[in-house]
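What follows is run13.cif (mmCIF, C-alpha atoms).
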```
data_work
#
loop_
_atom_site.group_PDB
_atom_site.id
_atom_site.type_symbol
_atom_site.label_atom_id
_atom_site.label_comp_id
_atom_site.auth_asym_id
_atom_site.auth_seq_id
_atom_site.Cartn_x
_atom_site.Cartn_y
_atom_site.Cartn_z
ATOM 1 C CA MET H 1416 -32.233 72.257 -1.010
ATOM 2 C CA SER H 1417 -34.997 70.027 0.255
ATOM 3 C CA THR H 1418 -35.367 69.000 3.873
ATOM 4 C CA PRO H 1419 -33.595 65.679 4.508
ATOM 5 C CA ALA H 1420 -35.527 62.628 5.623
ATOM 6 C CA GLY H 1421 -35.733 62.411 9.392
ATOM 7 C CA PHE H 1422 -35.850 66.165 10.010
ATOM 8 C CA ASP H 1423 -38.403 66.606 12.800
ATOM 9 C CA ASP H 1424 -40.141 69.981 13.087
ATOM 10 C CA LEU H 1425 -41.473 69.041 16.527
ATOM 11 C CA ILE H 1426 -37.999 68.377 17.975
ATOM 12 C CA HIS H 1427 -36.190 71.154 16.092
ATOM 13 C CA PRO H 1428 -36.962 74.214 18.293
ATOM 14 C CA ALA H 1429 -33.921 74.818 20.499
ATOM 15 C CA THR H 1430 -35.598 74.174 23.854
ATOM 16 C CA ARG H 1431 -37.196 70.901 22.769
ATOM 17 C CA LEU H 1432 -34.004 69.793 21.051
ATOM 18 C CA SER H 1433 -32.105 70.476 24.288
ATOM 19 C CA VAL H 1434 -34.642 68.496 26.337
ATOM 20 C CA VAL H 1435 -34.555 65.524 23.974
ATOM 21 C CA ALA H 1436 -30.754 65.574 23.715
ATOM 22 C CA LEU H 1437 -30.450 65.554 27.507
ATOM 23 C CA LEU H 1438 -32.935 62.695 27.840
ATOM 24 C CA ALA H 1439 -31.250 60.693 25.061
ATOM 25 C CA ALA H 1440 -28.217 60.348 27.315
ATOM 26 C CA THR H 1441 -30.122 58.655 30.145
ATOM 27 C CA GLU H 1442 -32.868 56.152 30.896
ATOM 28 C CA TRP H 1443 -34.911 58.318 33.312
ATOM 29 C CA ALA H 1444 -34.315 61.879 34.530
ATOM 30 C CA ASP H 1445 -35.884 63.846 37.369
ATOM 31 C CA PHE H 1446 -37.916 66.871 36.320
ATOM 32 C CA ALA H 1447 -35.760 69.072 38.578
ATOM 33 C CA PHE H 1448 -32.548 67.791 36.963
ATOM 34 C CA VAL H 1449 -33.806 68.607 33.465
ATOM 35 C CA ARG H 1450 -35.125 72.002 34.594
ATOM 36 C CA ASP H 1451 -31.882 72.964 36.288
ATOM 37 C CA SER H 1452 -29.622 71.555 33.552
ATOM 38 C CA LEU H 1453 -31.385 73.621 30.898
ATOM 39 C CA SER H 1454 -32.051 76.691 33.083
ATOM 40 C CA LEU H 1455 -35.787 76.582 32.429
ATOM 41 C CA SER H 1456 -38.693 77.570 34.635
ATOM 42 C CA ASP H 1457 -41.082 74.856 35.813
ATOM 43 C CA SER H 1458 -43.794 76.145 33.512
ATOM 44 C CA ALA H 1459 -41.528 76.386 30.450
ATOM 45 C CA LEU H 1460 -40.276 72.837 30.939
ATOM 46 C CA SER H 1461 -43.778 71.514 31.643
ATOM 47 C CA LYS H 1462 -45.021 73.006 28.375
ATOM 48 C CA GLN H 1463 -42.219 71.374 26.362
ATOM 49 C CA LEU H 1464 -42.670 68.023 28.100
ATOM 50 C CA HIS H 1465 -46.403 68.118 27.465
ATOM 51 C CA THR H 1466 -45.818 68.766 23.749
ATOM 52 C CA LEU H 1467 -43.298 65.915 23.498
ATOM 53 C CA GLU H 1468 -45.530 63.566 25.485
ATOM 54 C CA GLY H 1469 -48.493 64.386 23.233
ATOM 55 C CA ALA H 1470 -46.427 63.284 20.231
ATOM 56 C CA GLY H 1471 -45.550 60.012 21.938
ATOM 57 C CA TYR H 1472 -41.880 60.990 22.276
ATOM 58 C CA LEU H 1473 -41.840 61.163 26.056
ATOM 59 C CA GLU H 1474 -43.167 59.285 29.046
ATOM 60 C CA THR H 1475 -43.642 60.740 32.519
ATOM 61 C CA HIS H 1476 -43.854 58.908 35.822
ATOM 62 C CA LYS H 1477 -44.962 60.498 39.080
ATOM 63 C CA GLU H 1478 -44.030 58.938 42.392
ATOM 64 C CA GLY H 1479 -44.666 59.848 45.993
ATOM 65 C CA GLY H 1480 -47.224 62.340 47.172
ATOM 66 C CA GLY H 1481 -47.609 65.767 48.679
ATOM 67 C CA ARG H 1482 -44.348 67.641 49.139
ATOM 68 C CA ASN H 1483 -42.360 64.501 48.306
ATOM 69 C CA ARG H 1484 -43.905 64.033 44.875
ATOM 70 C CA ARG H 1485 -41.315 63.582 42.143
ATOM 71 C CA THR H 1486 -41.763 63.527 38.404
ATOM 72 C CA LYS H 1487 -39.428 61.512 36.222
ATOM 73 C CA VAL H 1488 -39.282 61.657 32.442
ATOM 74 C CA ARG H 1489 -37.786 59.527 29.708
ATOM 75 C CA LEU H 1490 -37.785 59.217 25.959
ATOM 76 C CA THR H 1491 -39.951 56.503 24.488
ATOM 77 C CA ASP H 1492 -38.561 54.271 21.751
ATOM 78 C CA ARG H 1493 -40.433 56.481 19.288
ATOM 79 C CA GLY H 1494 -38.874 59.625 20.778
ATOM 80 C CA ARG H 1495 -35.390 58.142 20.712
ATOM 81 C CA ALA H 1496 -35.818 57.124 17.051
ATOM 82 C CA ALA H 1497 -37.131 60.595 16.175
ATOM 83 C CA PHE H 1498 -34.150 62.229 17.899
ATOM 84 C CA GLU H 1499 -31.653 59.979 16.125
ATOM 85 C CA GLY H 1500 -33.348 60.681 12.783
ATOM 86 C CA HIS H 1501 -33.312 64.415 13.446
ATOM 87 C CA VAL H 1502 -29.618 64.391 14.363
ATOM 88 C CA ALA H 1503 -28.854 62.459 11.163
ATOM 89 C CA ALA H 1504 -30.849 65.010 9.142
ATOM 90 C CA LEU H 1505 -28.975 67.914 10.760
ATOM 91 C CA ARG H 1506 -25.672 66.213 9.984
ATOM 92 C CA ALA H 1507 -26.747 65.781 6.357
ATOM 93 C CA ILE H 1508 -27.540 69.493 6.144
ATOM 94 C CA VAL H 1509 -24.175 70.452 7.641
ATOM 95 C CA ASP H 1510 -22.269 67.953 5.524
ATOM 96 C CA SER H 1511 -23.879 69.208 2.332
ATOM 97 C CA ALA H 1512 -22.631 72.707 3.103
ATOM 98 C CA ALA H 1513 -19.057 71.613 3.829
ATOM 99 C CA PRO H 1514 -16.457 72.020 1.101
ATOM 100 C CA ALA H 1515 -15.419 68.861 -0.727
ATOM 101 C CA ALA H 1516 -12.511 67.046 0.896
ATOM 102 C CA GLY H 1517 -9.157 68.290 -0.284
ATOM 103 C CA THR H 1518 -10.402 71.549 -1.728
ATOM 104 C CA ALA H 1519 -9.538 74.847 -0.195
ATOM 105 C CA ARG H 1520 -12.272 77.378 0.356
ATOM 106 C CA GLN H 1521 -11.653 80.443 -1.683
ATOM 107 C CA ARG H 1522 -12.754 83.867 -0.646
ATOM 108 C CA PRO H 1523 -14.600 85.856 -3.253
ATOM 109 C CA ARG H 1524 -12.351 88.464 -4.801
ATOM 110 C CA ALA H 1525 -13.152 92.061 -4.004
ATOM 111 C CA GLN H 1526 -14.503 94.023 -6.896
ATOM 112 C CA VAL H 1527 -12.195 96.867 -7.841
ATOM 113 C CA ALA H 1528 -13.746 99.944 -9.406
ATOM 114 C CA ARG H 1529 -11.931 101.129 -12.511
#
```
Target encoding structure tokens, full file:
Amino acid sequence: MSTPAGFDDLIHPATRLSVVALLAATEWADFAFVRDSLSLSDSALSKQLHTLEGAGYLETHKEGGGRNRRTKVRLTDRGRAAFEGHVAALRAIVDSAAPAAGTARQRPRAQVAR
């Protein structure tokens, strides 16, 4: 089976997929919210955000200064489109493995030694 159109190798790793899925549900999210929601360390999340930002999938915005500095992140239009395409590709993979409607899945018969 070939890889369906829209499958995105950059988004596919579980941590990045989790980040993008979380961000797809909102306009902007605080770094701390994403970190805590996904139970990631600051450094692990920073690495994933940097990768996604480098691909143009993510935008960061820093506000405030010193101890009150906050980082917010959001998906770009490109990132949102990539996520939607990846989800559609995953659904196509799952759907192609599902049994045809109305047919019962049969278990393979055990081989009996004679």
Residues returned when the PyMOL selection byres ((chain H and resi 1435) around 9) runs on this file, as a VMD selection string: chain H and resid 1426 1430 to 1434 1436 to 1440 1467 1472 to 1473 1489 to 1490 1494 to 1495 1498
When the PyMOL selection byres ((chain H and resi 1501) around 6) is applied to the structure above, which residues does it catch, written out as an mmCIF file with C-alpha atoms, keeping the file's coordinate frame?
```
data_model
loop_
_atom_site.group_PDB
_atom_site.id
_atom_site.type_symbol
_atom_site.label_atom_id
_atom_site.label_comp_id
_atom_site.auth_asym_id
_atom_site.auth_seq_id
_atom_site.Cartn_x
_atom_site.Cartn_y
_atom_site.Cartn_z
ATOM 1 C CA GLY H 1421 -35.733 62.411 9.392
ATOM 2 C CA PHE H 1422 -35.850 66.165 10.010
ATOM 3 C CA ASP H 1423 -38.403 66.606 12.800
ATOM 4 C CA PHE H 1498 -34.150 62.229 17.899
ATOM 5 C CA GLU H 1499 -31.653 59.979 16.125
ATOM 6 C CA GLY H 1500 -33.348 60.681 12.783
ATOM 7 C CA VAL H 1502 -29.618 64.391 14.363
ATOM 8 C CA ALA H 1503 -28.854 62.459 11.163
ATOM 9 C CA ALA H 1504 -30.849 65.010 9.142
#
```
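The shortest atom-to-atom distance to Thr1486 of chain H, with only C-alpha atoms taken into account, belongs to H:Leu1464 out of H:Ala1429, H:Leu1464, H:Ala1512, H:Ala1507.
Considering the residues H:Arg1493, H:Arg1450, H:Lys1487, H:His1427 and counting all atoms listed in the file, Gly1471 of chain H has its shortest atom-to-atom contact with H:Arg1493.
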Mind completing segment 1489-1500 of chain H with all heavy atoms? Output as a PDB file, in the coordinates of the input, please?
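That gives us result_37.pdb:
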```pdb
ATOM      1  N   ARG H1489     -38.695  60.267  30.567  1.00  0.00           N
ATOM      2  CA  ARG H1489     -37.786  59.527  29.708  1.00  0.00           C
ATOM      3  C   ARG H1489     -38.306  59.567  28.278  1.00  0.00           C
ATOM      4  O   ARG H1489     -39.498  59.765  28.035  1.00  0.00           O
ATOM      5  CB  ARG H1489     -37.611  58.090  30.162  1.00  0.00           C
ATOM      6  CG  ARG H1489     -38.796  57.213  29.836  1.00  0.00           C
ATOM      7  CD  ARG H1489     -38.501  55.766  30.210  1.00  0.00           C
ATOM      8  NE  ARG H1489     -39.609  54.935  29.780  1.00  0.00           N
ATOM      9  CZ  ARG H1489     -39.473  53.897  28.971  1.00  0.00           C
ATOM     10  NH1 ARG H1489     -38.297  53.549  28.524  1.00  0.00           N
ATOM     11  NH2 ARG H1489     -40.518  53.198  28.624  1.00  0.00           N
ATOM     12  N   LEU H1490     -37.387  59.335  27.352  1.00  0.00           N
ATOM     13  CA  LEU H1490     -37.785  59.217  25.959  1.00  0.00           C
ATOM     14  C   LEU H1490     -38.391  57.843  25.739  1.00  0.00           C
ATOM     15  O   LEU H1490     -37.921  56.852  26.294  1.00  0.00           O
ATOM     16  CB  LEU H1490     -36.576  59.366  25.026  1.00  0.00           C
ATOM     17  CG  LEU H1490     -35.981  60.750  24.860  1.00  0.00           C
ATOM     18  CD1 LEU H1490     -34.800  60.681  23.887  1.00  0.00           C
ATOM     19  CD2 LEU H1490     -37.007  61.732  24.353  1.00  0.00           C
ATOM     20  N   THR H1491     -39.416  57.790  24.916  1.00  0.00           N
ATOM     21  CA  THR H1491     -39.951  56.503  24.488  1.00  0.00           C
ATOM     22  C   THR H1491     -39.078  56.006  23.337  1.00  0.00           C
ATOM     23  O   THR H1491     -38.215  56.741  22.828  1.00  0.00           O
ATOM     24  CB  THR H1491     -41.396  56.660  23.988  1.00  0.00           C
ATOM     25  OG1 THR H1491     -41.390  57.558  22.865  1.00  0.00           O
ATOM     26  CG2 THR H1491     -42.319  57.190  25.083  1.00  0.00           C
ATOM     27  N   ASP H1492     -39.296  54.783  22.911  1.00  0.00           N
ATOM     28  CA  ASP H1492     -38.561  54.271  21.751  1.00  0.00           C
ATOM     29  C   ASP H1492     -38.828  55.150  20.529  1.00  0.00           C
ATOM     30  O   ASP H1492     -37.926  55.436  19.743  1.00  0.00           O
ATOM     31  CB  ASP H1492     -38.950  52.826  21.451  1.00  0.00           C
ATOM     32  CG  ASP H1492     -38.450  51.852  22.517  1.00  0.00           C
ATOM     33  OD1 ASP H1492     -37.511  52.204  23.262  1.00  0.00           O
ATOM     34  OD2 ASP H1492     -38.988  50.731  22.595  1.00  0.00           O
ATOM     35  N   ARG H1493     -40.071  55.596  20.405  1.00  0.00           N
ATOM     36  CA  ARG H1493     -40.433  56.481  19.288  1.00  0.00           C
ATOM     37  C   ARG H1493     -39.679  57.813  19.383  1.00  0.00           C
ATOM     38  O   ARG H1493     -39.189  58.339  18.383  1.00  0.00           O
ATOM     39  CB  ARG H1493     -41.945  56.725  19.293  1.00  0.00           C
ATOM     40  CG  ARG H1493     -42.413  57.615  18.194  1.00  0.00           C
ATOM     41  CD  ARG H1493     -43.910  57.779  18.242  1.00  0.00           C
ATOM     42  NE  ARG H1493     -44.331  58.661  17.166  1.00  0.00           N
ATOM     43  CZ  ARG H1493     -45.557  59.029  16.967  1.00  0.00           C
ATOM     44  NH1 ARG H1493     -46.528  58.596  17.748  1.00  0.00           N
ATOM     45  NH2 ARG H1493     -45.859  59.830  15.975  1.00  0.00           N
ATOM     46  N   GLY H1494     -39.580  58.371  20.577  1.00  0.00           N
ATOM     47  CA  GLY H1494     -38.874  59.625  20.778  1.00  0.00           C
ATOM     48  C   GLY H1494     -37.383  59.496  20.512  1.00  0.00           C
ATOM     49  O   GLY H1494     -36.763  60.376  19.903  1.00  0.00           O
ATOM     50  N   ARG H1495     -36.814  58.386  20.942  1.00  0.00           N
ATOM     51  CA  ARG H1495     -35.390  58.142  20.712  1.00  0.00           C
ATOM     52  C   ARG H1495     -35.114  58.007  19.207  1.00  0.00           C
ATOM     53  O   ARG H1495     -34.156  58.570  18.692  1.00  0.00           O
ATOM     54  CB  ARG H1495     -34.959  56.884  21.469  1.00  0.00           C
ATOM     55  CG  ARG H1495     -33.477  56.763  21.675  1.00  0.00           C
ATOM     56  CD  ARG H1495     -33.155  55.674  22.692  1.00  0.00           C
ATOM     57  NE  ARG H1495     -33.598  55.969  24.035  1.00  0.00           N
ATOM     58  CZ  ARG H1495     -32.934  56.719  24.905  1.00  0.00           C
ATOM     59  NH1 ARG H1495     -31.799  57.264  24.559  1.00  0.00           N
ATOM     60  NH2 ARG H1495     -33.405  56.929  26.115  1.00  0.00           N
ATOM     61  N   ALA H1496     -35.986  57.286  18.505  1.00  0.00           N
ATOM     62  CA  ALA H1496     -35.818  57.124  17.051  1.00  0.00           C
ATOM     63  C   ALA H1496     -35.975  58.468  16.339  1.00  0.00           C
ATOM     64  O   ALA H1496     -35.223  58.780  15.404  1.00  0.00           O
ATOM     65  CB  ALA H1496     -36.825  56.112  16.521  1.00  0.00           C
ATOM     66  N   ALA H1497     -36.925  59.276  16.786  1.00  0.00           N
ATOM     67  CA  ALA H1497     -37.131  60.595  16.175  1.00  0.00           C
ATOM     68  C   ALA H1497     -35.909  61.483  16.398  1.00  0.00           C
ATOM     69  O   ALA H1497     -35.470  62.194  15.489  1.00  0.00           O
ATOM     70  CB  ALA H1497     -38.390  61.258  16.748  1.00  0.00           C
ATOM     71  N   PHE H1498     -35.344  61.438  17.604  1.00  0.00           N
ATOM     72  CA  PHE H1498     -34.150  62.229  17.899  1.00  0.00           C
ATOM     73  C   PHE H1498     -32.977  61.784  17.022  1.00  0.00           C
ATOM     74  O   PHE H1498     -32.288  62.609  16.428  1.00  0.00           O
ATOM     75  CB  PHE H1498     -33.785  62.114  19.381  1.00  0.00           C
ATOM     76  CG  PHE H1498     -32.490  62.783  19.732  1.00  0.00           C
ATOM     77  CD1 PHE H1498     -32.354  64.164  19.662  1.00  0.00           C
ATOM     78  CD2 PHE H1498     -31.385  62.041  20.123  1.00  0.00           C
ATOM     79  CE1 PHE H1498     -31.154  64.792  19.985  1.00  0.00           C
ATOM     80  CE2 PHE H1498     -30.186  62.651  20.445  1.00  0.00           C
ATOM     81  CZ  PHE H1498     -30.073  64.031  20.373  1.00  0.00           C
ATOM     82  N   GLU H1499     -32.757  60.492  16.942  1.00  0.00           N
ATOM     83  CA  GLU H1499     -31.653  59.979  16.125  1.00  0.00           C
ATOM     84  C   GLU H1499     -31.838  60.355  14.658  1.00  0.00           C
ATOM     85  O   GLU H1499     -30.881  60.731  13.975  1.00  0.00           O
ATOM     86  CB  GLU H1499     -31.527  58.468  16.304  1.00  0.00           C
ATOM     87  CG  GLU H1499     -31.017  58.102  17.690  1.00  0.00           C
ATOM     88  CD  GLU H1499     -31.125  56.617  18.024  1.00  0.00           C
ATOM     89  OE1 GLU H1499     -31.572  55.822  17.156  1.00  0.00           O
ATOM     90  OE2 GLU H1499     -30.760  56.254  19.153  1.00  0.00           O
ATOM     91  N   GLY H1500     -33.072  60.279  14.158  1.00  0.00           N
ATOM     92  CA  GLY H1500     -33.348  60.681  12.783  1.00  0.00           C
ATOM     93  C   GLY H1500     -33.124  62.167  12.568  1.00  0.00           C
ATOM     94  O   GLY H1500     -32.598  62.585  11.531  1.00  0.00           O
TER      95      GLY H1500
END
```
